[in-house]
Each structure stands twice: as C-alpha cells, then as structure tokens.
$ cat model.pdb   # PDB, C-alpha atoms, pLDDT in the B column
ATOM      1  CA  GLY A 155      10.692  18.110   9.471  1.00 60.00           C
ATOM      2  CA  GLU A 156       8.951  21.495   9.346  1.00 60.00           C
ATOM      3  CA  GLY A 157       7.824  22.366   5.846  1.00 64.00           C
ATOM      4  CA  GLY A 158       6.581  25.360   3.980  1.00 76.00           C
ATOM      5  CA  GLY A 159       7.238  24.171   0.434  1.00 94.00           C
ATOM      6  CA  ASN A 160       5.541  21.915  -2.091  1.00 96.00           C
ATOM      7  CA  LEU A 161       5.711  18.176  -1.440  1.00 97.00           C
ATOM      8  CA  VAL A 162       4.567  15.395  -3.787  1.00 97.00           C
ATOM      9  CA  ILE A 163       3.682  11.898  -2.557  1.00 97.00           C
ATOM     10  CA  LEU A 164       4.378   9.634  -5.543  1.00 97.00           C
ATOM     11  CA  SER A 165       2.545   6.317  -5.342  1.00 95.00           C
ATOM     12  CA  MET A 166       0.234   3.829  -7.004  1.00 90.00           C
ATOM     13  CA  ALA A 167      -3.307   5.110  -6.548  1.00 84.00           C
ATOM     14  CA  THR A 168      -5.474   2.018  -6.888  1.00 80.00           C
ATOM     15  CA  GLU A 169      -8.536   2.696  -4.766  1.00 77.00           C
ATOM     16  CA  ALA A 170      -8.611   1.431  -1.170  1.00 68.00           C
ATOM     17  CA  THR A 171      -5.159  -0.210  -1.311  1.00 75.00           C
ATOM     18  CA  GLY A 172      -2.366   0.114   1.228  1.00 76.00           C
ATOM     19  CA  ASN A 173      -0.439   2.284  -1.215  1.00 83.00           C
ATOM     20  CA  GLN A 174      -3.264   4.797  -1.487  1.00 85.00           C
ATOM     21  CA  VAL A 175      -3.960   4.841   2.251  1.00 83.00           C
ATOM     22  CA  THR A 176      -0.270   5.268   3.048  1.00 87.00           C
ATOM     23  CA  ALA A 177       0.141   8.087   0.524  1.00 91.00           C
ATOM     24  CA  LEU A 178      -2.866   9.940   1.896  1.00 89.00           C
ATOM     25  CA  ARG A 179      -1.566   9.415   5.438  1.00 87.00           C
ATOM     26  CA  LEU A 180       1.818  10.882   4.469  1.00 91.00           C
ATOM     27  CA  ALA A 181       0.145  13.854   2.789  1.00 92.00           C
ATOM     28  CA  GLN A 182      -1.961  14.494   5.899  1.00 90.00           C
ATOM     29  CA  VAL A 183       1.082  14.390   8.191  1.00 89.00           C
ATOM     30  CA  ALA A 184       3.083  16.649   5.860  1.00 92.00           C
ATOM     31  CA  THR A 185       0.221  19.141   5.661  1.00 93.00           C
ATOM     32  CA  GLY A 186       0.112  19.264   9.451  1.00 91.00           C
ATOM     33  CA  LEU A 187       3.814  20.162   9.390  1.00 91.00           C
ATOM     34  CA  GLY A 188       3.243  23.106   7.065  1.00 92.00           C
ATOM     35  CA  TRP A 189       3.893  21.537   3.660  1.00 94.00           C
ATOM     36  CA  ARG A 190       1.591  21.956   0.677  1.00 95.00           C
ATOM     37  CA  ALA A 191       1.318  18.237  -0.029  1.00 96.00           C
ATOM     38  CA  TRP A 192      -0.571  16.305  -2.682  1.00 96.00           C
ATOM     39  CA  CYS A 193      -0.552  12.793  -4.145  1.00 96.00           C
ATOM     40  CA  VAL A 194       0.411  11.826  -7.695  1.00 96.00           C
ATOM     41  CA  ASP A 195      -0.179   8.427  -9.306  1.00 96.00           C
ATOM     42  CA  VAL A 196       3.019   6.872 -10.690  1.00 96.00           C
ATOM     43  CA  ARG A 197       1.007   5.727 -13.718  1.00 95.00           C
ATOM     44  CA  GLU A 198       0.536   9.355 -14.739  1.00 95.00           C
ATOM     45  CA  MET A 199       4.313   9.769 -15.080  1.00 96.00           C
ATOM     46  CA  GLU A 200       5.511   8.229 -18.360  1.00 92.00           C
ATOM     47  CA  ASP A 201       9.209   8.249 -17.508  1.00 95.00           C
ATOM     48  CA  GLN A 202      11.894  10.115 -15.560  1.00 96.00           C
ATOM     49  CA  ASP A 203      11.907  13.092 -17.933  1.00 96.00           C
ATOM     50  CA  TYR A 204       8.117  13.438 -17.699  1.00 96.00           C
ATOM     51  CA  LEU A 205       8.389  13.494 -13.908  1.00 97.00           C
ATOM     52  CA  LYS A 206      11.216  16.049 -13.991  1.00 97.00           C
ATOM     53  CA  ASP A 207       9.112  18.358 -16.161  1.00 97.00           C
ATOM     54  CA  TYR A 208       6.145  17.950 -13.808  1.00 97.00           C
ATOM     55  CA  LEU A 209       8.235  18.733 -10.729  1.00 97.00           C
ATOM     56  CA  SER A 210       9.657  21.829 -12.396  1.00 97.00           C
ATOM     57  CA  LYS A 211       6.273  23.041 -13.641  1.00 97.00           C
ATOM     58  CA  MET A 212       4.637  22.575 -10.211  1.00 97.00           C
ATOM     59  CA  LYS A 213       7.639  24.068  -8.356  1.00 96.00           C
ATOM     60  CA  VAL A 214       7.980  20.979  -6.185  1.00 97.00           C
ATOM     61  CA  ASP A 215      10.522  21.166  -3.363  1.00 96.00           C
ATOM     62  CA  GLY A 216      10.529  17.509  -2.301  1.00 97.00           C
ATOM     63  CA  VAL A 217       9.109  14.072  -3.101  1.00 97.00           C
ATOM     64  CA  ILE A 218       8.256  11.012  -1.036  1.00 97.00           C
ATOM     65  CA  GLY A 219       8.147   7.942  -3.260  1.00 97.00           C
ATOM     66  CA  VAL A 220       6.095   4.967  -2.068  1.00 96.00           C
ATOM     67  CA  HIS A 221       7.935   1.804  -3.191  1.00 95.00           C
ATOM     68  CA  ALA A 222      11.605   1.638  -4.077  1.00 96.00           C
ATOM     69  CA  HIS A 223      10.767   0.259  -7.503  1.00 96.00           C
ATOM     70  CA  ARG A 224       7.385   1.662  -8.564  1.00 95.00           C
ATOM     71  CA  ALA A 225       8.251   5.224  -7.539  1.00 97.00           C
ATOM     72  CA  GLY A 226      12.018   4.813  -7.285  1.00 97.00           C
ATOM     73  CA  ARG A 227      12.480   4.002 -10.985  1.00 96.00           C
ATOM     74  CA  LEU A 228      11.091   7.456 -11.786  1.00 97.00           C
ATOM     75  CA  LEU A 229      13.090   9.263  -9.111  1.00 97.00           C
ATOM     76  CA  VAL A 230      16.576   8.116 -10.131  1.00 96.00           C
ATOM     77  CA  GLY A 231      18.441  11.284 -11.125  1.00 94.00           C
ATOM     78  CA  SER A 232      15.709  13.566  -9.769  1.00 96.00           C
ATOM     79  CA  PRO A 233      16.702  17.243  -9.506  1.00 95.00           C
ATOM     80  CA  VAL A 234      14.460  17.472  -6.429  1.00 96.00           C
ATOM     81  CA  PRO A 235      15.381  15.883  -3.061  1.00 97.00           C
ATOM     82  CA  TYR A 236      13.397  12.749  -2.342  1.00 98.00           C
ATOM     83  CA  CYS A 237      12.843  10.018   0.231  1.00 97.00           C
ATOM     84  CA  ILE A 238      11.781   6.438  -0.449  1.00 97.00           C
ATOM     85  CA  LEU A 239       9.185   4.577   1.606  1.00 95.00           C
ATOM     86  CA  LEU A 240       9.786   0.840   1.340  1.00 94.00           C
ATOM     87  CA  GLY A 241       6.822  -1.305   0.376  1.00 88.00           C
ATOM     88  CA  GLY A 242       6.117  -4.930   1.189  1.00 85.00           C
ATOM     89  CA  THR A 243       6.238  -5.781  -2.516  1.00 87.00           C
ATOM     90  CA  ASP A 244       9.747  -4.303  -2.654  1.00 92.00           C
ATOM     91  CA  VAL A 245      10.909  -6.672   0.081  1.00 89.00           C
ATOM     92  CA  ASN A 246       8.952  -9.806  -0.814  1.00 87.00           C
ATOM     93  CA  VAL A 247       8.802  -9.682  -4.615  1.00 89.00           C
ATOM     94  CA  PHE A 248      10.816  -7.046  -6.481  1.00 93.00           C
ATOM     95  CA  VAL A 249      14.105  -7.559  -4.625  1.00 93.00           C
ATOM     96  CA  HIS A 250      14.327 -11.084  -6.055  1.00 93.00           C
ATOM     97  CA  ASP A 251      14.275  -9.744  -9.637  1.00 95.00           C
ATOM     98  CA  VAL A 252      17.848  -8.856 -10.654  1.00 95.00           C
ATOM     99  CA  THR A 253      16.813  -6.004 -12.961  1.00 96.00           C
ATOM    100  CA  LYS A 254      14.367  -4.457 -10.519  1.00 96.00           C
ATOM    101  CA  ARG A 255      16.797  -4.826  -7.637  1.00 96.00           C
ATOM    102  CA  ALA A 256      19.408  -2.817  -9.575  1.00 96.00           C
ATOM    103  CA  VAL A 257      16.876  -0.029 -10.187  1.00 96.00           C
ATOM    104  CA  MET A 258      15.861  -0.039  -6.526  1.00 96.00           C
ATOM    105  CA  SER A 259      19.500   0.145  -5.462  1.00 96.00           C
ATOM    106  CA  ASP A 260      20.083   3.221  -7.630  1.00 96.00           C
ATOM    107  CA  ALA A 261      16.896   4.826  -6.289  1.00 96.00           C
ATOM    108  CA  VAL A 262      17.679   4.377  -2.595  1.00 95.00           C
ATOM    109  CA  LYS A 263      21.289   5.486  -2.989  1.00 94.00           C
ATOM    110  CA  GLY A 264      20.061   8.781  -4.446  1.00 96.00           C
ATOM    111  CA  SER A 265      17.488   9.325  -1.698  1.00 96.00           C
ATOM    112  CA  ARG A 266      17.930  11.586   1.320  1.00 96.00           C
ATOM    113  CA  SER A 267      16.480   8.880   3.567  1.00 95.00           C
ATOM    114  CA  LEU A 268      14.546   5.631   3.603  1.00 95.00           C
ATOM    115  CA  ILE A 269      11.247   5.234   5.429  1.00 94.00           C
ATOM    116  CA  SER A 270      10.298   1.761   6.639  1.00 93.00           C
ATOM    117  CA  PHE A 271       7.295   0.281   8.428  1.00 90.00           C
ATOM    118  CA  GLY A 272       9.530  -1.908  10.580  1.00 90.00           C
ATOM    119  CA  GLY A 273      13.088  -2.701  11.571  1.00 92.00           C
ATOM    120  CA  GLU A 274      13.165  -6.172  10.015  1.00 91.00           C
ATOM    121  CA  MET A 275      12.025  -4.832   6.638  1.00 91.00           C
ATOM    122  CA  LEU A 276      14.660  -2.102   6.810  1.00 93.00           C
ATOM    123  CA  SER A 277      17.447  -4.521   7.750  1.00 94.00           C
ATOM    124  CA  ARG A 278      16.612  -6.856   4.882  1.00 92.00           C
ATOM    125  CA  MET A 279      16.578  -4.031   2.347  1.00 93.00           C
ATOM    126  CA  ARG A 280      19.844  -2.580   3.668  1.00 94.00           C
ATOM    127  CA  ARG A 281      21.463  -5.958   2.987  1.00 93.00           C
ATOM    128  CA  HIS A 282      19.840  -6.562  -0.395  1.00 93.00           C
ATOM    129  CA  LEU A 283      20.497  -3.043  -1.712  1.00 94.00           C
ATOM    130  CA  ASN A 284      23.760  -2.353   0.131  1.00 91.00           C
ATOM    131  CA  TYR A 285      22.263   0.821   1.610  1.00 93.00           C
ATOM    132  CA  LEU A 286      24.084   2.422   4.540  1.00 92.00           C
ATOM    133  CA  GLY A 287      22.360   5.816   4.603  1.00 93.00           C
ATOM    134  CA  PRO A 288      19.846   7.321   7.046  1.00 94.00           C
ATOM    135  CA  ALA A 289      16.449   5.762   7.660  1.00 95.00           C
ATOM    136  CA  VAL A 290      13.263   6.491   9.609  1.00 93.00           C
ATOM    137  CA  LEU A 291      10.800   3.971  11.078  1.00 92.00           C
ATOM    138  CA  MET A 292       7.102   4.764  10.571  1.00 87.00           C
ATOM    139  CA  PRO A 293       4.871   2.063  12.109  1.00 83.00           C
ATOM    140  CA  GLN A 294       1.812   1.117  10.083  1.00 75.00           C
ATOM    141  CA  ALA A 295      -1.568   2.235  11.394  1.00 68.00           C
ATOM    142  CA  VAL A 296      -5.243   2.171  10.497  1.00 60.00           C
ATOM    143  CA  ALA A 297      -8.328   3.907  11.832  1.00 60.00           C
ATOM    144  CA  PRO A 298     -10.667   1.096  12.956  1.00 59.00           C
ATOM    145  CA  PRO A 299     -14.222   1.443  11.618  1.00 56.00           C
ATOM    146  CA  SER A 300     -17.063   2.481  13.878  1.00 61.00           C
ATOM    147  CA  ARG A 301     -20.304   0.500  13.808  1.00 56.00           C
ATOM    148  CA  ARG A 302     -21.791   3.320  11.745  1.00 61.00           C
ATOM    149  CA  GLY A 303     -18.923   3.024   9.260  1.00 58.00           C
ATOM    150  CA  LEU A 304     -19.384  -0.734   8.823  1.00 58.00           C
ATOM    151  CA  GLY A 305     -22.476  -0.442   6.654  1.00 60.00           C
ATOM    152  CA  ARG A 306     -25.983  -1.386   7.719  1.00 61.00           C
ATOM    153  CA  GLY A 307     -25.832  -5.094   6.849  1.00 58.00           C
ATOM    154  CA  LEU A 308     -22.539  -5.779   8.602  1.00 64.00           C
ATOM    155  CA  ALA A 309     -23.356  -3.575  11.587  1.00 60.00           C
ATOM    156  CA  GLU A 310     -26.550  -5.605  12.145  1.00 66.00           C
ATOM    157  CA  ALA A 311     -24.673  -8.907  11.834  1.00 67.00           C
ATOM    158  CA  VAL A 312     -21.875  -8.055  14.258  1.00 71.00           C
ATOM    159  CA  PRO A 313     -23.056  -8.107  17.884  1.00 74.00           C
ATOM    160  CA  PRO A 314     -22.202  -5.244  20.242  1.00 79.00           C
ATOM    161  CA  GLY A 315     -19.015  -5.920  22.184  1.00 81.00           C
ATOM    162  CA  ALA A 316     -17.524  -8.084  19.446  1.00 85.00           C
ATOM    163  CA  SER A 317     -13.747  -8.467  19.265  1.00 88.00           C
ATOM    164  CA  MET A 318     -13.093  -7.552  15.655  1.00 83.00           C
ATOM    165  CA  PHE A 319      -9.774  -8.137  13.936  1.00 86.00           C
ATOM    166  CA  VAL A 320      -9.392  -5.894  10.879  1.00 80.00           C
ATOM    167  CA  LEU A 321      -7.140  -7.062   8.038  1.00 80.00           C
ATOM    168  CA  PRO A 322      -6.705  -4.335   5.388  1.00 76.00           C
ATOM    169  CA  CYS A 323      -5.302  -5.839   2.196  1.00 78.00           C
ATOM    170  CA  GLY A 324      -5.841  -5.928  -1.530  1.00 79.00           C
ATOM    171  CA  LEU A 325      -6.954  -9.394  -2.634  1.00 82.00           C
ATOM    172  CA  ARG A 326      -4.003 -10.783  -4.607  1.00 80.00           C
ATOM    173  CA  GLY A 327      -1.819 -13.850  -4.411  1.00 77.00           C
ATOM    174  CA  VAL A 328       1.076 -12.327  -2.492  1.00 74.00           C
ATOM    175  CA  LYS A 329      -1.332 -11.221   0.257  1.00 72.00           C
ATOM    176  CA  ASP A 330      -3.801 -14.123   0.138  1.00 76.00           C
ATOM    177  CA  PRO A 331      -5.764 -13.947   3.430  1.00 82.00           C
ATOM    178  CA  SER A 332      -7.705 -17.187   2.878  1.00 82.00           C
ATOM    179  CA  TYR A 333      -5.373 -19.154   5.179  1.00 80.00           C
ATOM    180  CA  LEU A 334      -6.843 -17.201   8.117  1.00 86.00           C
ATOM    181  CA  VAL A 335     -10.419 -18.284   7.435  1.00 87.00           C
ATOM    182  CA  GLU A 336     -10.307 -21.743   9.049  1.00 85.00           C
ATOM    183  CA  ALA A 337      -8.416 -20.447  12.086  1.00 88.00           C
ATOM    184  CA  PHE A 338     -10.979 -17.724  12.699  1.00 90.00           C
ATOM    185  CA  ARG A 339     -13.889 -20.078  11.975  1.00 88.00           C
ATOM    186  CA  ALA A 340     -12.638 -22.431  14.701  1.00 90.00           C
ATOM    187  CA  TRP A 341     -12.030 -19.524  17.077  1.00 92.00           C
ATOM    188  CA  HIS A 342     -15.475 -18.054  16.367  1.00 88.00           C
ATOM    189  CA  ALA A 343     -17.063 -21.445  17.101  1.00 89.00           C
ATOM    190  CA  GLN A 344     -15.486 -21.308  20.576  1.00 93.00           C
ATOM    191  CA  ASP A 345     -16.124 -17.601  21.130  1.00 92.00           C
ATOM    192  CA  SER A 346     -18.873 -16.000  19.036  1.00 87.00           C
ATOM    193  CA  THR A 347     -17.617 -12.483  19.835  1.00 89.00           C
ATOM    194  CA  VAL A 348     -14.502 -13.025  17.707  1.00 91.00           C
ATOM    195  CA  TRP A 349     -14.798 -11.720  14.116  1.00 88.00           C
ATOM    196  CA  LEU A 350     -12.412 -11.218  11.210  1.00 88.00           C
ATOM    197  CA  LEU A 351     -13.071  -8.272   8.888  1.00 83.00           C
ATOM    198  CA  ILE A 352     -11.104  -8.258   5.614  1.00 83.00           C
ATOM    199  CA  VAL A 353     -11.157  -4.857   3.933  1.00 77.00           C
ATOM    200  CA  GLY A 354      -9.674  -4.108   0.528  1.00 78.00           C
ATOM    201  CA  PRO A 355     -10.172  -4.106  -3.233  1.00 81.00           C
ATOM    202  CA  VAL A 356     -10.145  -7.103  -5.560  1.00 84.00           C
ATOM    203  CA  LEU A 357      -6.820  -6.962  -7.419  1.00 82.00           C
ATOM    204  CA  ASP A 358      -6.828 -10.574  -8.605  1.00 84.00           C
ATOM    205  CA  ASP A 359     -10.134 -12.280  -9.459  1.00 86.00           C
ATOM    206  CA  GLU A 360      -8.777 -15.800  -8.895  1.00 86.00           C
ATOM    207  CA  CYS A 361      -7.463 -14.887  -5.451  1.00 85.00           C
ATOM    208  CA  ALA A 362     -10.802 -13.290  -4.553  1.00 85.00           C
ATOM    209  CA  ALA A 363     -12.717 -16.375  -5.727  1.00 85.00           C
ATOM    210  CA  ALA A 364     -10.450 -18.594  -3.604  1.00 85.00           C
ATOM    211  CA  LEU A 365     -11.139 -16.416  -0.556  1.00 86.00           C
ATOM    212  CA  PHE A 366     -14.911 -16.444  -1.108  1.00 84.00           C
ATOM    213  CA  ARG A 367     -14.746 -20.228  -1.599  1.00 84.00           C
ATOM    214  CA  ALA A 368     -12.863 -20.606   1.683  1.00 85.00           C
ATOM    215  CA  ILE A 369     -15.508 -18.516   3.450  1.00 84.00           C
ATOM    216  CA  ARG A 370     -18.610 -20.016   1.818  1.00 81.00           C
ATOM    217  CA  GLY A 371     -17.468 -23.633   1.386  1.00 69.00           C
ATOM    218  CA  PRO A 372     -15.663 -25.776  -1.207  1.00 58.00           C
ATOM    219  CA  GLY A 373     -18.770 -26.161  -3.378  1.00 55.00           C
ATOM    220  CA  TRP A 374     -19.148 -22.421  -3.992  1.00 51.00           C
ATOM    221  CA  GLU A 375     -18.412 -21.120  -7.467  1.00 56.00           C
ATOM    222  CA  PRO A 376     -18.560 -17.489  -8.686  1.00 56.00           C
ATOM    223  CA  PRO A 377     -21.712 -16.722 -10.660  1.00 53.00           C
ATOM    224  CA  PRO A 378     -21.497 -15.988 -14.412  1.00 54.00           C
ATOM    225  CA  GLY A 379     -19.819 -12.646 -14.877  1.00 52.00           C
ATOM    226  CA  GLY A 380     -17.833 -13.027 -11.642  1.00 50.00           C
ATOM    227  CA  GLY A 381     -18.719 -12.931  -7.984  1.00 48.00           C
ATOM    228  CA  ALA A 382     -16.621  -9.907  -7.062  1.00 50.00           C
ATOM    229  CA  PRO A 383     -15.978  -6.356  -8.240  1.00 44.00           C
ATOM    230  CA  PRO A 384     -13.601  -6.224 -11.227  1.00 44.00           C
ATOM    231  CA  ALA A 385      -9.885  -6.075 -10.535  1.00 43.00           C
ATOM    232  CA  GLY A 386      -7.918  -2.899 -11.062  1.00 40.00           C
ATOM    233  CA  ARG A 387     -10.674  -0.359 -10.377  1.00 36.00           C
ATOM    234  CA  ARG A 388      -9.243   3.119  -9.902  1.00 34.00           C
ATOM    235  CA  GLY A 389     -10.684   5.939  -7.876  1.00 31.00           C
ATOM    236  CA  GLN A 390     -10.277   9.680  -7.701  1.00 29.00           C
ATOM    237  CA  TRP A 391      -6.807  10.692  -6.562  1.00 34.00           C
ATOM    238  CA  ARG A 392      -6.412  14.436  -6.751  1.00 32.00           C
TER     239      ARG A 392
END
$ encode --input "model.pdb" --output "structure tokens"
Amino acid sequence: GEGGGNLVILSMATEATGNQVTALRLAQVATGLGWRAWCVDVREMEDQDYLKDYLSKMKVDGVIGVHAHRAGRLLVGSPVPYCILLGGTDVNVFVHDVTKRAVMSDAVKGSRSLISFGGEMLSRMRRHLNYLGPAVLMPQAVAPPSRRGLGRGLAEAVPPGASMFVLPCGLRGVKDPSYLVEAFRAWHAQDSTVWLLIVGPVLDDECAAALFRAIRGPGWEPPPGGGAPPAGRRGQWR
C-alpha cells in the first residue's frame, strides 16, 4: 500500500542471487510507493533481540522478510509489523526439516501477510504450515539483458536475432541447471538461433564443475585452483 515510513527488506545478500535481486526489486517498488526502503542482510542480525534493537534505533515502521526461515526466524515476536515472502528453499528444502518447519510456522502466523511467487507455492505452504491468513501473489520477473549488457565476448558470439532463454540461478545442487544442457544442445543443433544463457553466482563448486563438464564435455576437469569463481562471494548491499 501507500507508504511514507521506513521499510526494511530483510534478506540474504549474496551477490547476484535471486534473494538479492528480489530484495532490491521489493525496495524499488516500495520506494515508488513513498516508503523509505533499504535492504539488510540477515547475516548482520545476530538474533531476534539484535534485530529488535536495530528496528528501534532506525525507527523502522515495517519489514518484509525474504524466506520464511532465513528471515522469519529473526522476525518471530517482532514489535514491528512484517510480511513474509516465501522462497523456493522454504518450499523445497526447509519445510521438510521438522525444526525449521516449526520456526517457519511461528513466523508466518505472526506476519500481516504472505507474499508468494505463485499459487502452487502458496497452496503447499498453507498446507505445510497450517496458515489461513491473507496472502499476495507477486509473479517473478527479470530484466532481460541487452546485447550491450551481455559483455563483448558473448555479444560477439550470439548472432543478431537469436532466441535467448535466460535462466537466472545460483549454481548449487538444489537448482542444478546441468540437466538443460543436452536438451538445448540438441535444439541448437536443429536451430542455431536458440541459445541458453545461465546467469548467477557459484554457490557450490562441485555443482559448478558438473555444469561446466556438461557444457564442455565429460573429459573436462577444473584446472588447479578451480575453474570457477569461489563460492560464497558477497557484494555491497547498502
């Protein structure tokens, strides 16, 4: 709704991940609605009391937590109204852990509303967490890169008029994109205008090596010292 107060977007801030992009997107939308919005990394908040002190010190009027567990565990008992945006890891991983599911249940029951990327995700979490409260659907979206934004090497390799499919994802086991490689290789052999662009940080070195092996062939091995940027690199957030 229309703002005017201070709004914190509480999220993991690993550079170039879906969490970071989503948090920045939320902050941009909130700013357009009149809020003074900024992003805070959950790893900067030691526990619930630390977060409460921060919210009081910064005179925060509301919080949007990205992930029912990662942000929700800090927001349980918050003196400031908050909403929870469900993450894919909540639905596909954390909900199957009994301890984490209990924390997530407490977090969503204390929230003013849930935000979900899709109806199926929302329905599953309603069942798992026994949540009957209000919810809002916010479809996922990305800004496709222009040829200028692709970088010189890639822009020269991709022919004009190409049909490019962009897959934004951090390289880790739960989001392993290597299964798409053979399908797109076969499609590209039939239609050279079809390309797959995978964009995201390396979060798991083994997963990244498996992807590069799928792309470059079964005989490829990472060079000494690794064939990819190190996992877990963090960028500027505030």
$ closest_residue --input "model.pdb" --among "A:Thr243, A:Arg281, A:Val312, A:Met199" --to "Gly327 in chain A" --atoms "all atoms listed in the file"
A:Thr243
$ atom_distance --input "model.pdb" --atom1 "CA of Trp189 in chain A" --atom2 "CA of Gly264 in chain A"
22.1 Å
$ residues_around --input "model.pdb" --residues "Ser210 in chain A" --least-positions-apart "4" --cutoff "10 Å" --atoms "all atoms listed in the file" --output "list in words"
Leu205, Lys206, Val214, Asp215, Pro233 and Val234 of chain A
$ write_last_selection --input "model.pdb" --atoms "C-alpha atoms" --output "compact mmCIF listing (two decimals), keeping the file's coordinate frame"
# COMPACT_ATOMS: atom_id res chain seq x y z
CA LEU A 205 8.39 13.49 -13.91
CA LYS A 206 11.22 16.05 -13.99
CA VAL A 214 7.98 20.98 -6.18
CA ASP A 215 10.52 21.17 -3.36
CA PRO A 233 16.70 17.24 -9.51
CA VAL A 234 14.46 17.47 -6.43
$ atom_distance --input "model.pdb" --atom1 "CA of Trp192 in chain A" --atom2 "CA of Leu180 in chain A"
9.3 Å
$ atom_distance --input "model.pdb" --atom1 "CA of His250 in chain A" --atom2 "CA of Leu286 in chain A"
19.7 Å
$ closest_residue --input "model.pdb" --among "A:Thr347, A:Thr176, A:Leu357, A:His223" --to "Phe271 in chain A" --atoms "only C-alpha atoms"
A:Thr176
$ resolve_selection --input "model.pdb" --expression "the PyMOL selection byres ((chain A and resi 181) around 12)" --output "JSON, numbers by chain"
{"A": [157, 160, 161, 162, 163, 164, 165, 174, 175, 176, 177, 178, 179, 180, 182, 183, 184, 185, 186, 187, 188, 189, 190, 191, 192, 193, 194, 217, 218, 219, 220, 392]}
$ closest_residue --input "model.pdb" --among "A:Ala340, A:Ser259, A:Lys254, A:Leu291" --to "Gly272 in chain A" --atoms "only C-alpha atoms"
A:Leu291
$ resolve_selection --input "model.pdb" --expression "the PyMOL selection byres ((chain A and resi 330-335) around 8)" --output "JSON, numbers by chain"
{"A": [325, 326, 327, 328, 329, 336, 337, 338, 339, 361, 364, 365, 368, 369]}
$ closest_residue --input "model.pdb" --among "A:Ser317, A:Thr171, A:Ser267, A:Gln294" --to "Val353 in chain A" --atoms "only C-alpha atoms"
A:Thr171
$ resolve_selection --input "model.pdb" --expression "the PyMOL selection byres ((chain A and resi 249) around 12)" --output "CSV table (one decimal) with C-alpha atoms, in the coordinates of the input"
chain,number,residue,atom,x,y,z
A,221,HIS,CA,7.9,1.8,-3.2
A,222,ALA,CA,11.6,1.6,-4.1
A,223,HIS,CA,10.8,0.3,-7.5
A,240,LEU,CA,9.8,0.8,1.3
A,241,GLY,CA,6.8,-1.3,0.4
A,242,GLY,CA,6.1,-4.9,1.2
A,243,THR,CA,6.2,-5.8,-2.5
A,244,ASP,CA,9.7,-4.3,-2.7
A,245,VAL,CA,10.9,-6.7,0.1
A,246,ASN,CA,9.0,-9.8,-0.8
A,247,VAL,CA,8.8,-9.7,-4.6
A,248,PHE,CA,10.8,-7.0,-6.5
A,250,HIS,CA,14.3,-11.1,-6.1
A,251,ASP,CA,14.3,-9.7,-9.6
A,252,VAL,CA,17.8,-8.9,-10.7
A,253,THR,CA,16.8,-6.0,-13.0
A,254,LYS,CA,14.4,-4.5,-10.5
A,255,ARG,CA,16.8,-4.8,-7.6
A,256,ALA,CA,19.4,-2.8,-9.6
A,257,VAL,CA,16.9,0.0,-10.2
A,258,MET,CA,15.9,0.0,-6.5
A,259,SER,CA,19.5,0.1,-5.5
A,275,MET,CA,12.0,-4.8,6.6
A,278,ARG,CA,16.6,-6.9,4.9
A,279,MET,CA,16.6,-4.0,2.3
A,280,ARG,CA,19.8,-2.6,3.7
A,281,ARG,CA,21.5,-6.0,3.0
A,282,HIS,CA,19.8,-6.6,-0.4
A,283,LEU,CA,20.5,-3.0,-1.7
A,284,ASN,CA,23.8,-2.4,0.1
$ axis_aligned_box --input "model.pdb" --around "range 186-202 of chain A" --padding-each-side "8 Å" --output "lines of an AutoDock Vina configuration file"
center_x = 5.7
center_y = 14.4
center_z = -4.5
size_x = 28.5
size_y = 33.4
size_z = 43.8
$ residues_around --input "model.pdb" --residues "Leu321 in chain A" --least-positions-apart "4" --cutoff "8 Å" --atoms "only C-alpha atoms" --output "ChimeraX atom specification"
/A:350-353
$ residues_around --input "model.pdb" --residues "Arg266 in chain A" --least-positions-apart "6" --cutoff "7 Å" --atoms "all atoms listed in the file" --output "PyMOL selection string"
chain A and resi 235-237
